[in-house]
>>> print(open('start.cif').read())   # mmCIF, C-alpha atoms, pLDDT in the B column; chains and numbers go by the auth columns
data_final
#
loop_
_atom_site.group_PDB
_atom_site.id
_atom_site.type_symbol
_atom_site.label_atom_id
_atom_site.label_comp_id
_atom_site.label_asym_id
_atom_site.label_seq_id
_atom_site.Cartn_x
_atom_site.Cartn_y
_atom_site.Cartn_z
_atom_site.B_iso_or_equiv
_atom_site.auth_seq_id
_atom_site.auth_asym_id
ATOM 1 C CA LEU A 1 208.499 96.897 251.634 64.00 1 A
ATOM 2 C CA VAL A 2 206.025 96.871 248.782 61.00 2 A
ATOM 3 C CA ASP A 3 206.145 99.734 246.314 58.00 3 A
ATOM 4 C CA ILE A 4 204.734 100.397 242.866 59.00 4 A
ATOM 5 C CA LEU A 5 205.212 97.650 240.275 57.00 5 A
ATOM 6 C CA GLY A 6 207.893 98.678 237.829 53.00 6 A
ATOM 7 C CA THR A 7 209.987 100.273 240.596 58.00 7 A
ATOM 8 C CA GLY A 8 213.574 99.087 240.450 59.00 8 A
ATOM 9 C CA ASP A 9 213.854 95.786 238.643 61.00 9 A
ATOM 10 C CA SER A 10 210.285 94.544 239.127 68.00 10 A
ATOM 11 C CA PRO A 11 209.377 92.258 236.222 72.00 11 A
ATOM 12 C CA ALA A 12 205.633 92.533 236.906 75.00 12 A
ATOM 13 C CA ASP A 13 203.430 94.022 234.211 77.00 13 A
ATOM 14 C CA GLY A 14 201.521 96.934 235.739 75.00 14 A
ATOM 15 C CA ARG A 15 198.714 96.511 233.154 79.00 15 A
ATOM 16 C CA ASP A 16 197.920 93.013 234.412 83.00 16 A
ATOM 17 C CA PRO A 17 196.497 92.838 237.951 82.00 17 A
ATOM 18 C CA GLN A 18 197.483 89.156 238.215 88.00 18 A
ATOM 19 C CA SER A 19 201.093 89.833 237.244 86.00 19 A
ATOM 20 C CA ALA A 20 201.801 90.981 240.803 86.00 20 A
ATOM 21 C CA ASP A 21 200.438 87.683 242.121 91.00 21 A
ATOM 22 C CA GLN A 22 202.803 85.749 239.867 91.00 22 A
ATOM 23 C CA MET A 23 205.729 87.922 240.949 89.00 23 A
ATOM 24 C CA TRP A 24 204.940 87.384 244.654 91.00 24 A
ATOM 25 C CA THR A 25 204.746 83.627 244.114 94.00 25 A
ATOM 26 C CA SER A 26 208.235 83.760 242.602 92.00 26 A
ATOM 27 C CA VAL A 27 209.606 85.979 245.390 91.00 27 A
ATOM 28 C CA LEU A 28 208.139 83.781 248.133 95.00 28 A
ATOM 29 C CA ASP A 29 209.377 80.615 246.388 95.00 29 A
ATOM 30 C CA TRP A 30 212.875 82.121 246.272 94.00 30 A
ATOM 31 C CA MET A 31 212.664 83.112 249.951 93.00 31 A
ATOM 32 C CA ARG A 32 211.677 79.545 250.862 93.00 32 A
ATOM 33 C CA GLY A 33 215.008 78.365 249.461 93.00 33 A
ATOM 34 C CA GLN A 34 217.085 80.814 251.521 95.00 34 A
ATOM 35 C CA ALA A 35 218.262 79.171 254.755 94.00 35 A
ATOM 36 C CA GLN A 36 218.962 82.536 256.398 95.00 36 A
ATOM 37 C CA LEU A 37 215.330 83.660 255.979 93.00 37 A
ATOM 38 C CA ASP A 38 212.541 82.483 258.269 92.00 38 A
ATOM 39 C CA GLU A 39 209.475 82.119 256.075 86.00 39 A
ATOM 40 C CA GLN A 40 207.308 82.047 259.203 90.00 40 A
ATOM 41 C CA ARG A 41 208.225 85.702 259.837 93.00 41 A
ATOM 42 C CA VAL A 42 207.444 87.416 256.533 94.00 42 A
ATOM 43 C CA VAL A 43 205.389 90.611 256.666 96.00 43 A
ATOM 44 C CA ALA A 44 204.567 92.759 253.639 95.00 44 A
ATOM 45 C CA TRP A 45 204.473 96.523 254.243 95.00 45 A
ATOM 46 C CA GLY A 46 203.046 98.629 251.439 92.00 46 A
ATOM 47 C CA ILE A 47 203.762 102.348 251.280 89.00 47 A
ATOM 48 C CA SER A 48 202.182 105.036 249.098 79.00 48 A
ATOM 49 C CA THR A 49 200.794 103.082 246.106 84.00 49 A
ATOM 50 C CA GLY A 50 202.254 99.834 247.467 87.00 50 A
ATOM 51 C CA PRO A 51 199.334 99.260 249.881 92.00 51 A
ATOM 52 C CA TYR A 52 197.268 98.168 246.903 92.00 52 A
ATOM 53 C CA TYR A 53 199.641 95.216 246.585 91.00 53 A
ATOM 54 C CA ALA A 54 200.018 94.746 250.362 94.00 54 A
ATOM 55 C CA ALA A 55 196.231 94.363 250.685 96.00 55 A
ATOM 56 C CA ARG A 56 196.150 92.130 247.624 96.00 56 A
ATOM 57 C CA ILE A 57 198.961 89.814 248.781 96.00 57 A
ATOM 58 C CA ALA A 58 197.255 89.435 252.180 97.00 58 A
ATOM 59 C CA SER A 59 194.546 87.477 250.343 97.00 59 A
ATOM 60 C CA THR A 60 196.319 86.006 247.333 97.00 60 A
ATOM 61 C CA HIS A 61 199.282 84.755 249.391 97.00 61 A
ATOM 62 C CA GLY A 62 197.884 84.960 252.918 96.00 62 A
ATOM 63 C CA GLY A 63 198.918 81.399 253.693 96.00 63 A
ATOM 64 C CA ARG A 64 202.542 82.198 252.901 96.00 64 A
ATOM 65 C CA ILE A 65 203.086 85.393 254.901 97.00 65 A
ATOM 66 C CA THR A 66 202.609 86.221 258.573 97.00 66 A
ATOM 67 C CA GLY A 67 200.864 89.527 258.003 98.00 67 A
ATOM 68 C CA SER A 68 200.566 92.563 255.800 97.00 68 A
ATOM 69 C CA VAL A 69 200.452 96.320 256.391 97.00 69 A
ATOM 70 C CA ALA A 70 198.596 98.616 253.993 96.00 70 A
ATOM 71 C CA GLN A 71 199.821 102.101 254.911 96.00 71 A
ATOM 72 C CA GLY A 72 197.508 104.409 252.987 92.00 72 A
ATOM 73 C CA ALA A 73 195.304 101.645 251.603 90.00 73 A
ATOM 74 C CA ALA A 74 194.508 102.099 247.942 91.00 74 A
ATOM 75 C CA THR A 75 191.936 99.415 247.302 95.00 75 A
ATOM 76 C CA HIS A 76 188.701 100.625 245.681 96.00 76 A
ATOM 77 C CA PHE A 77 187.460 104.231 245.788 96.00 77 A
ATOM 78 C CA PHE A 78 190.866 105.687 244.904 94.00 78 A
ATOM 79 C CA LEU A 79 190.243 104.713 241.285 94.00 79 A
ATOM 80 C CA SER A 80 186.721 106.076 241.056 95.00 80 A
ATOM 81 C CA ARG A 81 186.104 108.854 238.572 94.00 81 A
ATOM 82 C CA GLU A 82 184.744 111.037 241.403 95.00 82 A
ATOM 83 C CA TRP A 83 187.837 110.649 243.615 94.00 83 A
ATOM 84 C CA LEU A 84 190.339 110.981 240.765 95.00 84 A
ATOM 85 C CA GLY A 85 188.590 114.192 239.747 92.00 85 A
ATOM 86 C CA ARG A 86 189.751 115.934 242.921 91.00 86 A
ATOM 87 C CA ILE A 87 193.226 114.630 243.786 92.00 87 A
ATOM 88 C CA ASP A 88 195.310 116.754 241.418 91.00 88 A
ATOM 89 C CA TRP A 89 197.045 119.601 243.230 88.00 89 A
ATOM 90 C CA HIS A 90 195.515 118.467 246.547 83.00 90 A
ATOM 91 C CA GLU A 91 198.417 117.122 248.599 83.00 91 A
ATOM 92 C CA TYR A 92 201.204 117.559 246.112 84.00 92 A
ATOM 93 C CA PRO A 93 202.066 120.666 244.080 87.00 93 A
ATOM 94 C CA PHE A 94 201.422 118.866 240.792 90.00 94 A
ATOM 95 C CA LYS A 95 198.900 116.677 238.999 94.00 95 A
ATOM 96 C CA VAL A 96 198.849 113.165 240.471 92.00 96 A
ATOM 97 C CA THR A 97 196.490 111.509 237.976 95.00 97 A
ATOM 98 C CA PRO A 98 199.049 111.232 235.138 95.00 98 A
ATOM 99 C CA TYR A 99 201.356 109.344 237.506 91.00 99 A
ATOM 100 C CA LEU A 100 198.587 106.991 238.621 91.00 100 A
ATOM 101 C CA ALA A 101 197.662 106.389 234.983 92.00 101 A
ATOM 102 C CA ALA A 102 201.301 105.575 234.192 89.00 102 A
ATOM 103 C CA LYS A 103 201.656 103.395 237.307 86.00 103 A
ATOM 104 C CA PHE A 104 198.727 101.226 236.242 86.00 104 A
ATOM 105 C CA ARG A 105 200.022 101.351 232.639 88.00 105 A
ATOM 106 C CA PHE A 106 197.057 103.191 231.171 92.00 106 A
ATOM 107 C CA SER A 107 197.843 105.211 228.056 94.00 107 A
ATOM 108 C CA SER A 108 196.057 108.299 229.381 96.00 108 A
ATOM 109 C CA VAL A 109 194.245 109.756 232.369 97.00 109 A
ATOM 110 C CA ASP A 110 190.997 109.355 230.403 97.00 110 A
ATOM 111 C CA GLU A 111 191.652 105.612 230.090 96.00 111 A
ATOM 112 C CA LEU A 112 192.370 105.427 233.850 95.00 112 A
ATOM 113 C CA LEU A 113 189.089 107.238 234.558 96.00 113 A
ATOM 114 C CA GLU A 114 187.195 104.876 232.270 96.00 114 A
ATOM 115 C CA ASP A 115 188.700 101.493 233.208 95.00 115 A
ATOM 116 C CA GLY A 116 190.796 101.851 236.376 94.00 116 A
ATOM 117 C CA GLN A 117 188.265 100.905 239.019 95.00 117 A
ATOM 118 C CA ASP A 118 186.731 98.020 237.046 95.00 118 A
ATOM 119 C CA LYS A 119 190.135 96.509 236.344 94.00 119 A
ATOM 120 C CA PHE A 120 191.999 97.064 239.636 94.00 120 A
ATOM 121 C CA SER A 121 189.520 97.568 242.500 96.00 121 A
ATOM 122 C CA LEU A 122 190.059 94.790 245.057 97.00 122 A
ATOM 123 C CA VAL A 123 186.342 95.023 245.869 97.00 123 A
ATOM 124 C CA THR A 124 185.141 94.867 242.253 96.00 124 A
ATOM 125 C CA ILE A 125 187.384 91.942 241.279 96.00 125 A
ATOM 126 C CA GLY A 126 186.564 89.985 244.452 96.00 126 A
ATOM 127 C CA ILE A 127 189.977 89.909 246.167 97.00 127 A
ATOM 128 C CA ALA A 128 188.601 91.879 249.144 97.00 128 A
ATOM 129 C CA ASP A 129 186.045 89.137 249.858 98.00 129 A
ATOM 130 C CA GLN A 130 188.653 86.387 250.153 97.00 130 A
ATOM 131 C CA SER A 131 190.123 85.300 253.467 96.00 131 A
ATOM 132 C CA SER A 132 193.482 86.837 254.305 97.00 132 A
ATOM 133 C CA CYS A 133 196.372 86.727 256.701 97.00 133 A
ATOM 134 C CA PRO A 134 196.347 89.433 259.403 98.00 134 A
ATOM 135 C CA LEU A 135 196.034 92.767 257.596 98.00 135 A
ATOM 136 C CA PHE A 136 196.700 96.120 259.270 98.00 136 A
ATOM 137 C CA LEU A 137 195.100 99.107 257.523 98.00 137 A
ATOM 138 C CA ILE A 138 196.606 102.416 258.602 98.00 138 A
ATOM 139 C CA ASN A 139 196.244 105.917 257.232 97.00 139 A
ATOM 140 C CA GLY A 140 195.606 109.561 257.912 96.00 140 A
ATOM 141 C CA VAL A 141 191.923 110.479 257.889 96.00 141 A
ATOM 142 C CA GLU A 142 192.756 113.484 255.696 94.00 142 A
ATOM 143 C CA ASP A 143 194.716 111.518 253.059 93.00 143 A
ATOM 144 C CA GLY A 144 194.113 113.384 249.811 92.00 144 A
ATOM 145 C CA ILE A 145 195.610 110.710 247.553 92.00 145 A
ATOM 146 C CA PHE A 146 194.066 107.478 248.854 93.00 146 A
ATOM 147 C CA PRO A 147 190.762 108.050 250.665 95.00 147 A
ATOM 148 C CA ILE A 148 190.247 106.744 254.182 96.00 148 A
ATOM 149 C CA GLU A 149 187.070 105.166 252.787 97.00 149 A
ATOM 150 C CA ASP A 150 189.276 102.578 251.038 96.00 150 A
ATOM 151 C CA SER A 151 190.483 101.301 254.414 96.00 151 A
ATOM 152 C CA ILE A 152 186.975 101.399 255.859 97.00 152 A
ATOM 153 C CA GLU A 153 185.591 99.518 252.844 97.00 153 A
ATOM 154 C CA MET A 154 188.169 96.753 253.338 97.00 154 A
ATOM 155 C CA LEU A 155 186.903 96.283 256.914 97.00 155 A
ATOM 156 C CA ASN A 156 183.530 95.329 255.412 96.00 156 A
ATOM 157 C CA HIS A 157 184.939 92.479 253.297 97.00 157 A
ATOM 158 C CA GLY A 158 186.675 89.163 253.819 95.00 158 A
ATOM 159 C CA SER A 159 188.500 88.213 257.015 95.00 159 A
ATOM 160 C CA SER A 160 188.679 90.390 260.111 94.00 160 A
ATOM 161 C CA LYS A 161 191.303 93.107 259.910 97.00 161 A
ATOM 162 C CA GLU A 162 192.881 95.658 262.210 98.00 162 A
ATOM 163 C CA ALA A 163 192.903 99.373 261.494 98.00 163 A
ATOM 164 C CA ARG A 164 194.346 102.584 262.886 98.00 164 A
ATOM 165 C CA PHE A 165 193.364 105.994 261.547 98.00 165 A
ATOM 166 C CA PHE A 166 194.974 109.274 262.552 97.00 166 A
ATOM 167 C CA PRO A 167 192.736 112.375 262.643 96.00 167 A
ATOM 168 C CA ASN A 168 194.247 115.467 261.019 94.00 168 A
ATOM 169 C CA ALA A 169 196.960 113.377 259.340 95.00 169 A
ATOM 170 C CA SER A 170 197.370 113.220 255.579 93.00 170 A
ATOM 171 C CA HIS A 171 198.840 110.666 253.136 90.00 171 A
ATOM 172 C CA MET A 172 199.889 107.458 254.902 91.00 172 A
ATOM 173 C CA GLY A 173 199.183 108.829 258.380 92.00 173 A
ATOM 174 C CA GLY A 174 202.364 110.777 258.962 90.00 174 A
ATOM 175 C CA LEU A 175 205.192 109.863 261.310 92.00 175 A
ATOM 176 C CA GLN A 176 202.945 108.524 264.079 94.00 176 A
ATOM 177 C CA ALA A 177 201.936 105.722 261.719 96.00 177 A
ATOM 178 C CA ILE A 178 205.478 104.322 261.728 96.00 178 A
ATOM 179 C CA THR A 179 205.396 103.662 265.474 96.00 179 A
ATOM 180 C CA ALA A 180 201.972 102.018 265.236 97.00 180 A
ATOM 181 C CA ILE A 181 203.175 99.818 262.366 98.00 181 A
ATOM 182 C CA THR A 182 206.378 98.687 264.062 97.00 182 A
ATOM 183 C CA ASP A 183 204.400 97.916 267.230 97.00 183 A
ATOM 184 C CA TRP A 184 201.916 95.863 265.175 98.00 184 A
ATOM 185 C CA ILE A 185 204.651 93.936 263.395 96.00 185 A
#
>>> encode(input="start.cif", output="structure tokens")
Amino acid sequence: LVDILGTGDSPADGRDPQSADQMWTSVLDWMRGQAQLDEQRVVAWGISTGPYYAARIASTHGGRITGSVAQGAATHFFLSREWLGRIDWHEYPFKVTPYLAAKFRFSSVDELLEDGQDKFSLVTIGIADQSSCPLFLINGVEDGIFPIEDSIEMLNHGSSKEARFFPNASHMGGLQAITAITDWI
């Protein structure tokens, strides 16, 4: 499961988009040396903010994993000034933007608004246009944290992808998404 960089003991630097790529190279190199692991059966599954990295690894390391699931894809529009201006207090009973700013290691919400999309958007930086391993984009149409448009935008770039969107479902598609994901895997 892929979560936010900095969770647990992650050594990746959240300020550096390429730091995650270096970390995944190290993780996959380590896995290659583990006899009990079958490197032909590795699937990344990103949850909440982790789908940013699940979508990214599908391209940056697509030749080393079998597939990737971006559950609640956060890939481009989620860092736009317009979108960030309306997510606070939407799905959660608190402001979300300070947490996103901290996650991406910006010093303030204003800095996130100014530089977030240019620095981290998979579309803007060209990752979305690269070929990838099989990538499954899944989300609730009513996700108030990561817009469904991020998943749709990914379908317009790079290799063919699969997608499943749940009407009337919010962040990450709800419980029905789990069944669809396990079936896909």
>>> resolve_selection(input="start.cif", expression="the PyMOL selection byres ((chain A and resi 169-184) around 12)", output="JSON, numbers by chain")
{"A": [43, 44, 45, 46, 47, 48, 49, 50, 51, 66, 67, 68, 69, 70, 71, 72, 73, 74, 87, 90, 91, 92, 134, 135, 136, 137, 138, 139, 140, 141, 142, 143, 144, 145, 146, 147, 148, 151, 162, 163, 164, 165, 166, 167, 168, 185]}
>>> atom_distance(input="start.cif", atom1="CA of Val42 (chain A)", atom2="CA of Ile65 (chain A)")
5.1 Å
>>> atom_distance(input="start.cif", atom1="CA of Glu149 (chain A)", atom2="CA of Arg41 (chain A)")
29.6 Å
>>> closest_residue(input="start.cif", among="A:Gln18, A:Gln36, A:Ser159, A:Ser107", to="Phe120 (chain A)", atoms="only C-alpha atoms")
A:Gln18
>>> atom_distance(input="start.cif", atom1="CA of Tyr52 (chain A)", atom2="CA of His76 (chain A)")
9.0 Å
>>> closest_residue(input="start.cif", among="A:Lys161, A:Arg81, A:Lys95, A:His61", to="Leu112 (chain A)", atoms="all atoms listed in the file")
A:Arg81
>>> resolve_selection(input="start.cif", expression="the PyMOL selection byres ((chain A and resi 122) around 12)", output="JSON list (two decimals) with C-alpha atoms, in the coordinates of the input")
[["chain", "number", "residue", "atom", "x", "y", "z"],
["A", 17, "PRO", "CA", 196.50, 92.84, 237.95],
["A", 18, "GLN", "CA", 197.48, 89.16, 238.22],
["A", 51, "PRO", "CA", 199.33, 99.26, 249.88],
["A", 52, "TYR", "CA", 197.27, 98.17, 246.90],
["A", 53, "TYR", "CA", 199.64, 95.22, 246.58],
["A", 54, "ALA", "CA", 200.02, 94.75, 250.36],
["A", 55, "ALA", "CA", 196.23, 94.36, 250.68],
["A", 56, "ARG", "CA", 196.15, 92.13, 247.62],
["A", 57, "ILE", "CA", 198.96, 89.81, 248.78],
["A", 58, "ALA", "CA", 197.26, 89.44, 252.18],
["A", 59, "SER", "CA", 194.55, 87.48, 250.34],
["A", 60, "THR", "CA", 196.32, 86.01, 247.33],
["A", 73, "ALA", "CA", 195.30, 101.64, 251.60],
["A", 74, "ALA", "CA", 194.51, 102.10, 247.94],
["A", 75, "THR", "CA", 191.94, 99.42, 247.30],
["A", 76, "HIS", "CA", 188.70, 100.62, 245.68],
["A", 77, "PHE", "CA", 187.46, 104.23, 245.79],
["A", 78, "PHE", "CA", 190.87, 105.69, 244.90],
["A", 79, "LEU", "CA", 190.24, 104.71, 241.28],
["A", 116, "GLY", "CA", 190.80, 101.85, 236.38],
["A", 117, "GLN", "CA", 188.26, 100.90, 239.02],
["A", 118, "ASP", "CA", 186.73, 98.02, 237.05],
["A", 119, "LYS", "CA", 190.14, 96.51, 236.34],
["A", 120, "PHE", "CA", 192.00, 97.06, 239.64],
["A", 121, "SER", "CA", 189.52, 97.57, 242.50],
["A", 123, "VAL", "CA", 186.34, 95.02, 245.87],
["A", 124, "THR", "CA", 185.14, 94.87, 242.25],
["A", 125, "ILE", "CA", 187.38, 91.94, 241.28],
["A", 126, "GLY", "CA", 186.56, 89.98, 244.45],
["A", 127, "ILE", "CA", 189.98, 89.91, 246.17],
["A", 128, "ALA", "CA", 188.60, 91.88, 249.14],
["A", 129, "ASP", "CA", 186.04, 89.14, 249.86],
["A", 130, "GLN", "CA", 188.65, 86.39, 250.15],
["A", 150, "ASP", "CA", 189.28, 102.58, 251.04],
["A", 151, "SER", "CA", 190.48, 101.30, 254.41],
["A", 153, "GLU", "CA", 185.59, 99.52, 252.84],
["A", 154, "MET", "CA", 188.17, 96.75, 253.34],
["A", 157, "HIS", "CA", 184.94, 92.48, 253.30],
["A", 158, "GLY", "CA", 186.68, 89.16, 253.82]]
>>> resolve_selection(input="start.cif", expression="the PyMOL selection byres ((chain A and resi 99-103) around 9)", output="list in words")
Ile4, Leu5, Gly6, Gly14, Arg15, Thr49, Lys95, Val96, Thr97, Pro98, Phe104, Arg105, Phe106, Ser107, Ser108, Val109, Asp110, Glu111, Leu112, Leu113 and Gly116 of chain A
>>> decode(input="start.cif", residues="region 53-164 of chain A", atoms="C-alpha atoms", output="PDB file, in the first residue's frame")
ATOM      1  CA  TYR A  53       2.624   8.008  -5.981  1.00  0.00           C
ATOM      2  CA  ALA A  54       0.736   4.950  -7.289  1.00  0.00           C
ATOM      3  CA  ALA A  55       0.077   6.773 -10.580  1.00  0.00           C
ATOM      4  CA  ARG A  56       3.646   8.045 -10.644  1.00  0.00           C
ATOM      5  CA  ILE A  57       5.262   4.641 -10.002  1.00  0.00           C
ATOM      6  CA  ALA A  58       3.123   3.100 -12.769  1.00  0.00           C
ATOM      7  CA  SER A  59       5.207   5.159 -15.210  1.00  0.00           C
ATOM      8  CA  THR A  60       8.533   5.627 -13.453  1.00  0.00           C
ATOM      9  CA  HIS A  61       8.812   1.943 -12.489  1.00  0.00           C
ATOM     10  CA  GLY A  62       6.210   0.372 -14.768  1.00  0.00           C
ATOM     11  CA  GLY A  63       8.657  -2.239 -16.007  1.00  0.00           C
ATOM     12  CA  ARG A  64       9.256  -3.469 -12.468  1.00  0.00           C
ATOM     13  CA  ILE A  65       5.695  -3.870 -11.175  1.00  0.00           C
ATOM     14  CA  THR A  66       2.712  -5.823 -12.472  1.00  0.00           C
ATOM     15  CA  GLY A  67       0.191  -3.044 -11.994  1.00  0.00           C
ATOM     16  CA  SER A  68      -0.831  -0.077  -9.918  1.00  0.00           C
ATOM     17  CA  VAL A  69      -4.085   1.123  -8.353  1.00  0.00           C
ATOM     18  CA  ALA A  70      -4.733   4.830  -7.801  1.00  0.00           C
ATOM     19  CA  GLN A  71      -7.713   4.909  -5.435  1.00  0.00           C
ATOM     20  CA  GLY A  72      -8.752   8.555  -5.410  1.00  0.00           C
ATOM     21  CA  ALA A  73      -6.231   9.672  -8.019  1.00  0.00           C
ATOM     22  CA  ALA A  74      -4.486  12.886  -7.091  1.00  0.00           C
ATOM     23  CA  THR A  75      -2.555  13.728 -10.221  1.00  0.00           C
ATOM     24  CA  HIS A  76      -3.126  17.248 -11.578  1.00  0.00           C
ATOM     25  CA  PHE A  77      -6.192  19.381 -10.799  1.00  0.00           C
ATOM     26  CA  PHE A  78      -6.082  18.615  -7.071  1.00  0.00           C
ATOM     27  CA  LEU A  79      -3.238  21.111  -6.733  1.00  0.00           C
ATOM     28  CA  SER A  80      -4.838  23.886  -8.746  1.00  0.00           C
ATOM     29  CA  ARG A  81      -5.554  27.130  -6.947  1.00  0.00           C
ATOM     30  CA  GLU A  82      -9.231  26.840  -7.959  1.00  0.00           C
ATOM     31  CA  TRP A  83      -9.680  23.327  -6.520  1.00  0.00           C
ATOM     32  CA  LEU A  84      -7.683  24.001  -3.348  1.00  0.00           C
ATOM     33  CA  GLY A  85      -9.856  27.056  -2.759  1.00  0.00           C
ATOM     34  CA  ARG A  86     -12.906  24.874  -2.130  1.00  0.00           C
ATOM     35  CA  ILE A  87     -11.751  21.705  -0.355  1.00  0.00           C
ATOM     36  CA  ASP A  88     -11.501  23.024   3.204  1.00  0.00           C
ATOM     37  CA  TRP A  89     -14.443  21.917   5.329  1.00  0.00           C
ATOM     38  CA  HIS A  90     -15.921  20.018   2.355  1.00  0.00           C
ATOM     39  CA  GLU A  91     -15.578  16.335   3.226  1.00  0.00           C
ATOM     40  CA  TYR A  92     -13.828  16.632   6.542  1.00  0.00           C
ATOM     41  CA  PRO A  93     -14.780  18.832   9.505  1.00  0.00           C
ATOM     42  CA  PHE A  94     -11.512  20.769   9.296  1.00  0.00           C
ATOM     43  CA  LYS A  95      -9.241  22.593   6.871  1.00  0.00           C
ATOM     44  CA  VAL A  96      -7.475  20.145   4.548  1.00  0.00           C
ATOM     45  CA  THR A  97      -5.147  22.586   2.771  1.00  0.00           C
ATOM     46  CA  PRO A  98      -2.683  22.967   5.680  1.00  0.00           C
ATOM     47  CA  TYR A  99      -2.238  19.186   5.698  1.00  0.00           C
ATOM     48  CA  LEU A 100      -1.678  19.050   1.940  1.00  0.00           C
ATOM     49  CA  ALA A 101       0.833  21.889   2.233  1.00  0.00           C
ATOM     50  CA  ALA A 102       2.665  19.986   4.982  1.00  0.00           C
ATOM     51  CA  LYS A 103       2.485  16.700   3.045  1.00  0.00           C
ATOM     52  CA  PHE A 104       4.212  18.259   0.046  1.00  0.00           C
ATOM     53  CA  ARG A 105       6.589  20.079   2.435  1.00  0.00           C
ATOM     54  CA  PHE A 106       5.497  23.594   1.549  1.00  0.00           C
ATOM     55  CA  SER A 107       6.026  26.149   4.304  1.00  0.00           C
ATOM     56  CA  SER A 108       2.499  27.535   3.954  1.00  0.00           C
ATOM     57  CA  VAL A 109      -0.810  27.099   2.166  1.00  0.00           C
ATOM     58  CA  ASP A 110       0.058  30.204   0.122  1.00  0.00           C
ATOM     59  CA  GLU A 111       3.238  28.500  -1.111  1.00  0.00           C
ATOM     60  CA  LEU A 112       1.211  25.372  -2.003  1.00  0.00           C
ATOM     61  CA  LEU A 113      -1.259  27.535  -3.943  1.00  0.00           C
ATOM     62  CA  GLU A 114       1.573  29.268  -5.779  1.00  0.00           C
ATOM     63  CA  ASP A 115       3.878  26.341  -6.618  1.00  0.00           C
ATOM     64  CA  GLY A 116       2.075  23.047  -5.939  1.00  0.00           C
ATOM     65  CA  GLN A 117       0.668  22.282  -9.363  1.00  0.00           C
ATOM     66  CA  ASP A 118       3.777  23.370 -11.292  1.00  0.00           C
ATOM     67  CA  LYS A 119       6.040  21.255  -9.107  1.00  0.00           C
ATOM     68  CA  PHE A 120       3.964  18.091  -8.558  1.00  0.00           C
ATOM     69  CA  SER A 121       1.326  17.738 -11.299  1.00  0.00           C
ATOM     70  CA  LEU A 122       1.981  14.489 -13.186  1.00  0.00           C
ATOM     71  CA  VAL A 123       0.565  16.184 -16.292  1.00  0.00           C
ATOM     72  CA  THR A 124       2.667  19.352 -16.004  1.00  0.00           C
ATOM     73  CA  ILE A 125       5.945  17.521 -15.339  1.00  0.00           C
ATOM     74  CA  GLY A 126       5.326  14.971 -18.111  1.00  0.00           C
ATOM     75  CA  ILE A 127       5.008  11.749 -16.083  1.00  0.00           C
ATOM     76  CA  ALA A 128       1.401  11.278 -17.267  1.00  0.00           C
ATOM     77  CA  ASP A 129       2.546  11.139 -20.904  1.00  0.00           C
ATOM     78  CA  GLN A 130       4.983   8.279 -20.325  1.00  0.00           C
ATOM     79  CA  SER A 131       4.068   4.653 -20.912  1.00  0.00           C
ATOM     80  CA  SER A 132       3.048   2.741 -17.805  1.00  0.00           C
ATOM     81  CA  CYS A 133       2.235  -0.668 -16.454  1.00  0.00           C
ATOM     82  CA  PRO A 134      -1.496  -1.430 -16.107  1.00  0.00           C
ATOM     83  CA  LEU A 135      -2.993   1.391 -14.039  1.00  0.00           C
ATOM     84  CA  PHE A 136      -6.448   1.212 -12.453  1.00  0.00           C
ATOM     85  CA  LEU A 137      -7.973   4.599 -11.592  1.00  0.00           C
ATOM     86  CA  ILE A 138     -10.862   4.328  -9.151  1.00  0.00           C
ATOM     87  CA  ASN A 139     -12.764   6.941  -7.196  1.00  0.00           C
ATOM     88  CA  GLY A 140     -16.091   8.337  -6.132  1.00  0.00           C
ATOM     89  CA  VAL A 141     -17.510  10.879  -8.567  1.00  0.00           C
ATOM     90  CA  GLU A 142     -18.290  13.167  -5.620  1.00  0.00           C
ATOM     91  CA  ASP A 143     -14.779  13.061  -4.097  1.00  0.00           C
ATOM     92  CA  GLY A 144     -14.326  16.456  -2.464  1.00  0.00           C
ATOM     93  CA  ILE A 145     -10.600  16.063  -1.796  1.00  0.00           C
ATOM     94  CA  PHE A 146      -9.240  14.721  -5.093  1.00  0.00           C
ATOM     95  CA  PRO A 147     -11.447  15.615  -8.069  1.00  0.00           C
ATOM     96  CA  ILE A 148     -12.714  12.914 -10.401  1.00  0.00           C
ATOM     97  CA  GLU A 149     -11.285  15.092 -13.183  1.00  0.00           C
ATOM     98  CA  ASP A 150      -7.795  13.966 -12.098  1.00  0.00           C
ATOM     99  CA  SER A 151      -8.655  10.371 -13.008  1.00  0.00           C
ATOM    100  CA  ILE A 152     -10.316  11.446 -16.248  1.00  0.00           C
ATOM    101  CA  GLU A 153      -7.303  13.589 -17.179  1.00  0.00           C
ATOM    102  CA  MET A 154      -4.983  10.601 -16.703  1.00  0.00           C
ATOM    103  CA  LEU A 155      -7.075   8.641 -19.233  1.00  0.00           C
ATOM    104  CA  ASN A 156      -6.094  11.266 -21.820  1.00  0.00           C
ATOM    105  CA  HIS A 157      -2.339  10.753 -21.361  1.00  0.00           C
ATOM    106  CA  GLY A 158       0.217   8.008 -21.833  1.00  0.00           C
ATOM    107  CA  SER A 159      -0.658   4.315 -22.029  1.00  0.00           C
ATOM    108  CA  SER A 160      -4.188   2.939 -21.928  1.00  0.00           C
ATOM    109  CA  LYS A 161      -5.616   2.669 -18.436  1.00  0.00           C
ATOM    110  CA  GLU A 162      -8.663   1.190 -16.758  1.00  0.00           C
ATOM    111  CA  ALA A 163     -11.054   3.208 -14.632  1.00  0.00           C
ATOM    112  CA  ARG A 164     -14.074   2.715 -12.402  1.00  0.00           C
TER     113      ARG A 164
END
